[in-house]
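Enquirer: Take this structure first; my questions come after.
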Amino acid sequence: MKTPTLSIPMRILVVAIICLSLSEGLAQTTLTNEQRLQWFRDAKFGLFIHWGLYALPAGEWKGIVYPGASEWIMYRAQVPVKEYEPLAQQFNPTRFNAEEWARLARDAGMKYLVITSKHHDGFAMYHSAASKYNIVDATPFKRDPMKELADACKKYDLKFCFYYSQAQDWHEANGLGNDWDFGPDSMKTFSQYFVEKAIPQVREILTEYGPIGLIWFDTPRTMNAAQSKELANLVHQLQPACLVDGRIGNEMGDYKTKGDNRLPSGATEMDWETPATMNTSWGFKKSDDNWKSPKQLIRALVEVTAKGGNYLLNVGPTDEGIIPGPSVQRLKDVGAWLKVHGEAVYGTRMAPWTIPPEWGMITSAQGKLYLHVFDWPTDGKLELHGLKNRVSTASLLDDHTRLKFEQKLGEKPGEPSLLITVPATPPDSNVSVIALDIEGPPNVSPQIFQEKSGTVTLFGLLAQVHNAGMPGIRKDDTGIRDWTNGDNWLSWDFTIDRPGRFRIDLGSYAITSGSGRTRKTLFEGGHQLMLGVAGQGLSFKADSSRTERPSPYFTDVVSEAGEVTISAPGSYTLQLRAKQLVTFQGNGCVVRWIRLRPVQEEARR
Ligand code: FHN
């Protein structure tokens with residue numbers, strides 16, 4: 001049979017179609033964000049390592065202990081480059097053992113490891129061709145610990161990742177941050193630094209160490225959008241599967257990076273990470289013994305997971321290459337908990353409830369809910385409101401003991417509700433987990449319920465903002481922020497099933513880093529607020545006179561609004577309006593929560 005010959009326009013068309021399908025084939029090798037994020041979403045827990053020349057002074061310079069994190073010593077003590085640089089000649093971490101570090105992370109239940117390839121002091125902890133100021137060329141150690149760690153991570157099935165300070169570089173005349181040697185940043189040619197050091201070094205860490213899970217950029221400072229984009233593109237071009245963190249600058253990055261040690265109020269979005277310290281400093285600091293307890297760390301990991309994020313927990317090894325004992329112990333403790341309860345963490349998704357219940361946190365997986373109980377009930381009954389799915393079984397996660405439960409799926413005030421009968425003592429002293437098998441994908445009522453204690457908490461995150469189109473108020477992951485416009489007002493709908501008299505408090509927050517750094521008390525100055533509920537009105541001043549629930553992360557700053565009586569079960573609306581708002585250091589009123597707590601009759605007498 002004769003093959004039909006194609007006319008010239010037809011041939012052009014065929015060639016074009018072939019080219020198009022080839023280029024589509026190529027496009028498939030570039031990954032979407034969704035594909036890149038897959039491992040990160042399931043991993044939940046990573047090890048952050050801040051290791052550099054700053055481990056030598058370890059927070060002290062010429063006999064003076066400087067406040068804050070040790071890796072900032074060069075900045076805090078304004079150490080000239082010519083005095084800081086010679087530290088390299090003493091840096092000889094002969095006790096460094098990459099396998100030990102990787103094994104420790106693996107045994108802690110971590111799935112990735114992020115280490116400082118270069119921090120703000122500008123010293124490369126790997127063999128860099130772009131700068132001689134690196135661990136191989138400038139120290140007696142002469143080894144490349146990053147090569148050793150990359151191999152060890154592969155062996156222990158951890159994603160190997162790099163931190164890289166892309167804008168601050170106190171060693172370079174055009175890097176940002178060093179004004180004591182090189183003058184103010186405004187006088188520098190940052191673009192020159194960016195092209196001559198940052199870009200070549202990022203290229204090196206992405207080409208010399210095998211597959212990299214993510215690059216953790218930090219403190220972008222004055223970088224412009226084109227520079228952030230160039231860096232992100234470079235990462236994806238060299239390693240399409242490598243993630244870029246949220247501190248690349250200009251709202252870019254494959255996921256969001258929260259503030260250091262910061263946790264959001266509720267579960268509102270996925271794909272974020274909280275970097276956290278175990279004590280105060282990131283780098284090793286001799287005098288820093290402000291350790292969080294293993295319980296606090298386990299609870300923070302659970303809270304981050306339940307709210308949709310990942311927890312990147314830091315250690316600061318010494319100049320000898322040793323991870324401090326208290327850090328090692330804590331990692332082992334978290335690992336022991338995860339060994340038993342990992343099913344309720346890895347691969348799970350954030351809670352279907354925006355706001356966690358008063359007793360703990362919730363994570364979810366296919367057909368499952370995991371109730372992470374921080375405050376074990378003393379009367380043997382754990383209560384959960386809002387779940388519309390039928391529960392088929394409830395059991396303790398550790399030994400699979402079946403638990404009895406009673407479920408009400410009606411529409412009376414307080415329903416739907418689940419009452420689980422639990423043992424008198426918690427199975428785990430850190431966090432006990434109850435696993436629920438549920439029918440169908442989680443379906444949760446958006447109502448705000450009264451908790452078992454009788455308390456109703458109205459979180460800022462759940463507030464309806466009225467006149468929201470006007471400037472002067474915003475909602476972020478902690479609640480209502482920067483409320484400065486009196487035309488804006490807030491309201492919450494909620495249900496009461498056990499009426500009575502309630503004391504109402506308003507919670508703002510102060511950030512505590514645990515380092516003794518200045519606390520940010522956003523209520524300074526006092527706002528005059530008005531609150532209305534169940535036909536009663538309260539006028540009160542929001543101030544900073546009382547704090548509660550001190551935690552390593554937040555201290556709630558509490559203002560007392562007064563008392564109201566809610567005399568019948570049913571649905572109610574609470575309104576919060578401003579009589580006078582004060583702007584303090586650029587911040588307005590913060591509403592993290594409003595809490596209605598039952599007043600005990602005896603206490604009132
Ligand atoms: O300045 C750094 C600090 O030294 C540390 O590396 C942390 C880790 O998140 N990041 C910066 C401050 O946010």
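By convention in this document, the chains of the structure tokens carry letters A, B, ... by their order, each chain's residues are numbered from 1, and ligands are numbered from 1 in the order they are shown.
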Give me, as a list in words, the set of residues whose atoms come within 6 Å of any atom of ligand 1, counting only C-alpha atoms and all ligand atoms.
Expert: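 Result of the 6 Å neighbour search around ligand 1: Glu71, Asp218, Asp260 and Pro275 of chain A.
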Enquirer: Please report, as a ChimeraX atom specification, each residue of stretch 25-182 of chain A to which DSSP assigns alpha helix (DSSP H) when run on this structure's backbone.
Expert: /A:25-27,33-43,73-76,81-84,87-90,98-107,135-138,145-155,179-182
Enquirer: Generate a file of the selected residues that holds C-alpha atoms, formatted as an mmCIF file, in the first residue's frame.
Expert:
```
data_model
loop_
_atom_site.group_PDB
_atom_site.id
_atom_site.type_symbol
_atom_site.label_atom_id
_atom_site.label_comp_id
_atom_site.auth_asym_id
_atom_site.auth_seq_id
_atom_site.Cartn_x
_atom_site.Cartn_y
_atom_site.Cartn_z
ATOM 1 C CA GLY A 25 6.724 15.613 28.280
ATOM 2 C CA LEU A 26 9.518 17.816 29.551
ATOM 3 C CA ALA A 27 7.099 19.999 31.492
ATOM 4 C CA ASN A 33 3.937 22.732 44.528
ATOM 5 C CA GLU A 34 1.482 20.005 45.534
ATOM 6 C CA GLN A 35 3.899 17.296 44.397
ATOM 7 C CA ARG A 36 6.875 18.932 46.097
ATOM 8 C CA LEU A 37 4.994 19.278 49.357
ATOM 9 C CA GLN A 38 3.914 15.650 49.636
ATOM 10 C CA TRP A 39 6.760 14.412 51.858
ATOM 11 C CA PHE A 40 6.742 17.608 53.918
ATOM 12 C CA ARG A 41 3.026 17.290 54.699
ATOM 13 C CA ASP A 42 3.503 13.789 56.038
ATOM 14 C CA ALA A 43 6.829 14.374 57.831
ATOM 15 C CA ILE A 73 27.459 37.409 69.076
ATOM 16 C CA MET A 74 29.376 39.030 66.207
ATOM 17 C CA TYR A 75 26.532 41.517 65.762
ATOM 18 C CA ARG A 76 25.767 42.079 69.451
ATOM 19 C CA VAL A 81 35.607 40.978 60.791
ATOM 20 C CA LYS A 82 39.362 40.922 61.388
ATOM 21 C CA GLU A 83 38.771 39.780 64.999
ATOM 22 C CA TYR A 84 35.963 37.301 64.301
ATOM 23 C CA LEU A 87 37.933 32.003 65.187
ATOM 24 C CA ALA A 88 38.141 29.744 62.149
ATOM 25 C CA GLN A 89 41.728 28.839 63.046
ATOM 26 C CA GLN A 90 40.506 27.425 66.378
ATOM 27 C CA ALA A 98 27.615 12.615 61.352
ATOM 28 C CA GLU A 99 26.185 9.137 61.920
ATOM 29 C CA GLU A 100 25.483 9.901 65.583
ATOM 30 C CA TRP A 101 23.615 13.095 64.696
ATOM 31 C CA ALA A 102 21.557 11.426 61.992
ATOM 32 C CA ARG A 103 20.781 8.424 64.223
ATOM 33 C CA LEU A 104 19.718 10.746 67.015
ATOM 34 C CA ALA A 105 17.325 12.559 64.663
ATOM 35 C CA ARG A 106 15.968 9.282 63.313
ATOM 36 C CA ASP A 107 15.445 7.904 66.837
ATOM 37 C CA ILE A 135 35.308 25.009 57.122
ATOM 38 C CA VAL A 136 37.585 23.082 54.770
ATOM 39 C CA ASP A 137 39.862 25.921 53.652
ATOM 40 C CA ALA A 138 39.958 28.038 56.814
ATOM 41 C CA PRO A 145 30.913 17.864 57.651
ATOM 42 C CA MET A 146 28.039 18.503 55.238
ATOM 43 C CA LYS A 147 29.229 15.755 52.916
ATOM 44 C CA GLU A 148 29.374 13.391 55.895
ATOM 45 C CA LEU A 149 25.921 14.459 57.059
ATOM 46 C CA ALA A 150 24.417 14.115 53.580
ATOM 47 C CA ASP A 151 25.634 10.494 53.519
ATOM 48 C CA ALA A 152 24.449 9.788 57.062
ATOM 49 C CA CYS A 153 20.997 11.227 56.345
ATOM 50 C CA LYS A 154 20.695 8.984 53.325
ATOM 51 C CA LYS A 155 21.588 5.989 55.476
ATOM 52 C CA ASP A 179 27.317 48.390 59.862
ATOM 53 C CA TRP A 180 30.243 48.512 62.309
ATOM 54 C CA ASP A 181 32.784 47.506 59.649
ATOM 55 C CA PHE A 182 31.044 48.490 56.438
#
```
Enquirer: Give the answer as one residue: which of A:Gly472, A:Gly440, A:Gly414, A:Pro67 has the shortest atom-to-atom distance to A:Ser571, using only C-alpha atoms?
Expert: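 Once distances to A:Ser571 are computed over only C-alpha atoms, the minimum belongs to A:Gly414.
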Enquirer: Looking only at strand (DSSP E) from DSSP on the backbone, list the matching residues of stretch 138-201 of chain A as a list of chain:residue names.
Expert: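 Of stretch 138-201 of chain A, the ones in strand (DSSP E) are A:Lys159, A:Phe160, A:Cys161, A:Phe162, A:Tyr163, A:Tyr164, A:Ser165.
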Enquirer: Excluding same-chain residues fewer than 4 positions from A:Leu338, what lies within 7 Å of it counting only C-alpha atoms, as number ranges by chain?
Expert: A: 109, 334, 342
Enquirer: Deliver the residues from the most recent selection as a file, using N, CA, C and O atoms, as a PDB file, in the first residue's frame.
Expert:
```pdb
ATOM      1  N   GLY A 109      12.383  10.424  65.955  1.00  0.00           N
ATOM      2  CA  GLY A 109      11.166  10.379  65.137  1.00  0.00           C
ATOM      3  C   GLY A 109      11.126  11.482  64.104  1.00  0.00           C
ATOM      4  O   GLY A 109      10.076  11.783  63.545  1.00  0.00           O
ATOM      5  N   VAL A 334      11.132  12.686  73.228  1.00  0.00           N
ATOM      6  CA  VAL A 334      10.107  12.905  72.194  1.00  0.00           C
ATOM      7  C   VAL A 334      10.015  11.647  71.323  1.00  0.00           C
ATOM      8  O   VAL A 334       8.925  11.184  70.981  1.00  0.00           O
ATOM      9  N   GLY A 342       3.108   7.553  67.127  1.00  0.00           N
ATOM     10  CA  GLY A 342       3.422   8.105  65.801  1.00  0.00           C
ATOM     11  C   GLY A 342       2.257   8.052  64.823  1.00  0.00           C
ATOM     12  O   GLY A 342       2.103   8.945  63.980  1.00  0.00           O
TER      13      GLY A 342
END
```
Enquirer: With only C-alpha atoms as the basis for distance, which of A:Gly507, A:Gly486, A:Gly335, A:Pro86 is at the shortest distance from A:Glu548?
Expert: A:Gly507
Enquirer: Between A:Gln168, A:Thr495, A:Gln296, A:Gln237, which one has atoms that come closest to A:Leu31, using only C-alpha atoms?
Expert: A:Gln237
Enquirer: Mind giving me the straight-line distance from atom CA of A:Ala241 to atom CA of A:Gly213 in Å, one decimal?
Expert: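 According to the coordinates, atom CA of A:Ala241 and atom CA of A:Gly213 are separated by 7.3 Å.
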Enquirer: Residues near A:Gly259, anyone? I mean within 10 Å using only C-alpha atoms, not counting same-chain ones fewer than 5 positions away, as number ranges by chain.
Expert: A: 247, 264, 273-276
Enquirer: Next, the residues of the selection above should be written as an mmCIF file, in the first residue's frame with all heavy atoms.
Expert:
```cif
data_model
loop_
_atom_site.group_PDB
_atom_site.id
_atom_site.type_symbol
_atom_site.label_atom_id
_atom_site.label_comp_id
_atom_site.auth_asym_id
_atom_site.auth_seq_id
_atom_site.Cartn_x
_atom_site.Cartn_y
_atom_site.Cartn_z
ATOM 1 N N ARG A 247 10.804 32.102 54.161
ATOM 2 C CA ARG A 247 11.585 33.301 54.467
ATOM 3 C C ARG A 247 12.511 33.689 53.319
ATOM 4 O O ARG A 247 13.526 34.355 53.530
ATOM 5 C CB ARG A 247 12.376 33.103 55.766
ATOM 6 C CG ARG A 247 11.468 32.995 56.964
ATOM 7 C CD ARG A 247 12.216 33.207 58.259
ATOM 8 N NE ARG A 247 11.363 32.872 59.389
ATOM 9 C CZ ARG A 247 11.816 32.675 60.615
ATOM 10 N NH1 ARG A 247 13.105 32.761 60.882
ATOM 11 N NH2 ARG A 247 10.981 32.389 61.598
ATOM 12 N N PRO A 264 0.097 29.262 65.863
ATOM 13 C CA PRO A 264 -1.157 29.958 65.585
ATOM 14 C C PRO A 264 -2.255 29.556 66.568
ATOM 15 O O PRO A 264 -2.141 28.517 67.228
ATOM 16 C CB PRO A 264 -1.503 29.508 64.165
ATOM 17 C CG PRO A 264 -0.845 28.180 64.017
ATOM 18 C CD PRO A 264 0.376 28.200 64.883
ATOM 19 N N GLU A 273 5.478 25.844 58.836
ATOM 20 C CA GLU A 273 6.465 25.241 59.735
ATOM 21 C C GLU A 273 6.790 26.248 60.825
ATOM 22 O O GLU A 273 6.900 27.438 60.552
ATOM 23 C CB GLU A 273 7.712 24.938 58.909
ATOM 24 C CG GLU A 273 8.845 24.282 59.667
ATOM 25 C CD GLU A 273 10.027 24.017 58.753
ATOM 26 O OE1 GLU A 273 10.498 24.978 58.108
ATOM 27 O OE2 GLU A 273 10.477 22.876 58.649
ATOM 28 N N THR A 274 6.930 25.745 62.050
ATOM 29 C CA THR A 274 7.394 26.584 63.148
ATOM 30 C C THR A 274 8.792 26.137 63.536
ATOM 31 O O THR A 274 8.985 24.987 63.945
ATOM 32 C CB THR A 274 6.468 26.454 64.379
ATOM 33 O OG1 THR A 274 5.251 27.152 64.103
ATOM 34 C CG2 THR A 274 7.091 27.070 65.623
ATOM 35 N N PRO A 275 9.793 27.027 63.374
ATOM 36 C CA PRO A 275 11.113 26.704 63.899
ATOM 37 C C PRO A 275 11.105 26.976 65.399
ATOM 38 O O PRO A 275 10.561 27.994 65.835
ATOM 39 C CB PRO A 275 12.035 27.673 63.157
ATOM 40 C CG PRO A 275 11.168 28.838 62.793
ATOM 41 C CD PRO A 275 9.747 28.361 62.733
ATOM 42 N N ALA A 276 11.682 26.077 66.185
ATOM 43 C CA ALA A 276 11.580 26.246 67.642
ATOM 44 C C ALA A 276 12.888 25.875 68.332
ATOM 45 O O ALA A 276 13.602 24.965 67.906
ATOM 46 C CB ALA A 276 10.456 25.370 68.178
#
```
Enquirer: At a cut-off of 7 Å, using only C-alpha atoms, what residues contact A:His385? Leave out same-chain residues fewer than 2 positions from it and give the result as a list in words.
Expert: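 Selected residues are Glu383, Leu387, Gly414, Glu415, Pro416, Ser417, Leu418 and Phe449 of chain A.
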Enquirer: Using only C-alpha atoms, which of A:Asp288, A:Glu230, A:Glu343, A:Asp254 sits nearest A:Gly316?
Expert: A:Asp288
Enquirer: Restricting the calculation to only C-alpha atoms: of A:Ala167, A:Leu214, A:Met530, A:Ala561, which residue gets closest to A:Gln192?
Expert: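 Comparing A:Ala167, A:Leu214, A:Met530, A:Ala561 against A:Gln192, the winner is A:Ala167.
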Enquirer: Ranking A:Thr457, A:Thr222, A:Thr116, A:Ser191 by minimum distance to A:Pro317 and counting only C-alpha atoms, which one comes first?
Expert: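 The answer is A:Thr116, which sits nearest to A:Pro317.
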Enquirer: I want to know what sits within 8 Å of A:Ser567, based on only C-alpha atoms, with residues of the same chain fewer than 5 positions away left out; could you give that as an mmCIF file with N, CA and C atoms, in the first residue's frame?
Expert:
```
data_model
loop_
_atom_site.group_PDB
_atom_site.id
_atom_site.type_symbol
_atom_site.label_atom_id
_atom_site.label_comp_id
_atom_site.auth_asym_id
_atom_site.auth_seq_id
_atom_site.Cartn_x
_atom_site.Cartn_y
_atom_site.Cartn_z
ATOM 1 N N PRO A 499 -26.972 26.851 81.348
ATOM 2 C CA PRO A 499 -26.999 28.284 81.641
ATOM 3 C C PRO A 499 -26.514 28.596 83.058
ATOM 4 N N GLY A 500 -26.377 29.882 83.335
ATOM 5 C CA GLY A 500 -25.933 30.300 84.667
ATOM 6 C C GLY A 500 -25.288 31.673 84.597
ATOM 7 N N ARG A 501 -24.499 31.951 85.633
ATOM 8 C CA ARG A 501 -23.803 33.241 85.665
ATOM 9 C C ARG A 501 -22.366 33.015 85.173
#
```
Enquirer: Excluding A:Lys475 and residues on its chain fewer than 6 positions from it, collect all residues at most 9 Å away from it, counting only C-alpha atoms, and give them as a PDB file with all heavy atoms, in the first residue's frame.
Expert:
```
ATOM      1  N   GLY A 460     -10.669  34.928  68.640  1.00  0.00           N
ATOM      2  CA  GLY A 460     -10.595  36.024  67.662  1.00  0.00           C
ATOM      3  C   GLY A 460     -10.656  35.495  66.236  1.00  0.00           C
ATOM      4  O   GLY A 460     -11.247  36.108  65.352  1.00  0.00           O
ATOM      5  N   LEU A 461     -10.048  34.334  66.039  1.00  0.00           N
ATOM      6  CA  LEU A 461     -10.033  33.715  64.711  1.00  0.00           C
ATOM      7  C   LEU A 461     -11.435  33.469  64.179  1.00  0.00           C
ATOM      8  O   LEU A 461     -11.648  33.461  62.968  1.00  0.00           O
ATOM      9  CB  LEU A 461      -9.368  32.339  64.805  1.00  0.00           C
ATOM     10  CG  LEU A 461      -7.889  32.178  64.556  1.00  0.00           C
ATOM     11  CD1 LEU A 461      -7.553  30.717  64.517  1.00  0.00           C
ATOM     12  CD2 LEU A 461      -7.481  32.848  63.253  1.00  0.00           C
ATOM     13  N   ALA A 463     -14.163  35.245  64.995  1.00  0.00           N
ATOM     14  CA  ALA A 463     -15.034  36.438  65.095  1.00  0.00           C
ATOM     15  C   ALA A 463     -15.570  36.832  63.725  1.00  0.00           C
ATOM     16  O   ALA A 463     -14.878  36.703  62.719  1.00  0.00           O
ATOM     17  CB  ALA A 463     -14.241  37.603  65.679  1.00  0.00           C
ATOM     18  N   VAL A 465     -16.207  39.895  61.621  1.00  0.00           N
ATOM     19  CA  VAL A 465     -15.745  41.282  61.655  1.00  0.00           C
ATOM     20  C   VAL A 465     -16.741  42.124  60.879  1.00  0.00           C
ATOM     21  O   VAL A 465     -16.979  41.883  59.699  1.00  0.00           O
ATOM     22  CB  VAL A 465     -14.337  41.396  61.039  1.00  0.00           C
ATOM     23  CG1 VAL A 465     -13.858  42.842  61.076  1.00  0.00           C
ATOM     24  CG2 VAL A 465     -13.353  40.483  61.771  1.00  0.00           C
ATOM     25  N   ARG A 481      -6.132  41.547  65.138  1.00  0.00           N
ATOM     26  CA  ARG A 481      -4.933  42.363  65.368  1.00  0.00           C
ATOM     27  C   ARG A 481      -5.163  43.789  64.885  1.00  0.00           C
ATOM     28  O   ARG A 481      -5.958  44.034  63.986  1.00  0.00           O
ATOM     29  CB  ARG A 481      -3.755  41.798  64.546  1.00  0.00           C
ATOM     30  CG  ARG A 481      -3.303  40.423  64.958  1.00  0.00           C
ATOM     31  CD  ARG A 481      -2.475  40.466  66.206  1.00  0.00           C
ATOM     32  NE  ARG A 481      -1.331  41.338  66.073  1.00  0.00           N
ATOM     33  CZ  ARG A 481      -0.149  40.935  65.630  1.00  0.00           C
ATOM     34  NH1 ARG A 481       0.030  39.698  65.251  1.00  0.00           N
ATOM     35  NH2 ARG A 481       0.873  41.780  65.549  1.00  0.00           N
ATOM     36  N   ASP A 482      -4.411  44.694  65.486  1.00  0.00           N
ATOM     37  CA  ASP A 482      -4.352  46.076  64.989  1.00  0.00           C
ATOM     38  C   ASP A 482      -5.731  46.689  64.776  1.00  0.00           C
ATOM     39  O   ASP A 482      -5.996  47.317  63.757  1.00  0.00           O
ATOM     40  CB  ASP A 482      -3.542  46.134  63.675  1.00  0.00           C
ATOM     41  CG  ASP A 482      -2.125  45.663  63.884  1.00  0.00           C
ATOM     42  OD1 ASP A 482      -1.637  45.774  65.025  1.00  0.00           O
ATOM     43  OD2 ASP A 482      -1.523  45.153  62.932  1.00  0.00           O
TER      44      ASP A 482
END
```
Enquirer: Against stretch 45-66 of chain A, which residues of stretch 76-131 of chain A fall within 6 Å? For each one I want the closest pair of atoms and the distance in Å (one decimal), counting only C-alpha atoms, rows by chain and increasing residue number, as a tab-separated table.
Expert:
```
residue	atom	partner	partner_atom	distance
A:Met110	CA	A:Gly46	CA	4.8
A:Lys111	CA	A:Gly46	CA	5.6
A:Tyr112	CA	A:Gly46	CA	4.7
A:Leu113	CA	A:Leu47	CA	4.6
A:Val114	CA	A:Phe48	CA	4.8
A:Ile115	CA	A:Ile49	CA	4.6
A:Thr116	CA	A:His50	CA	5.5
```
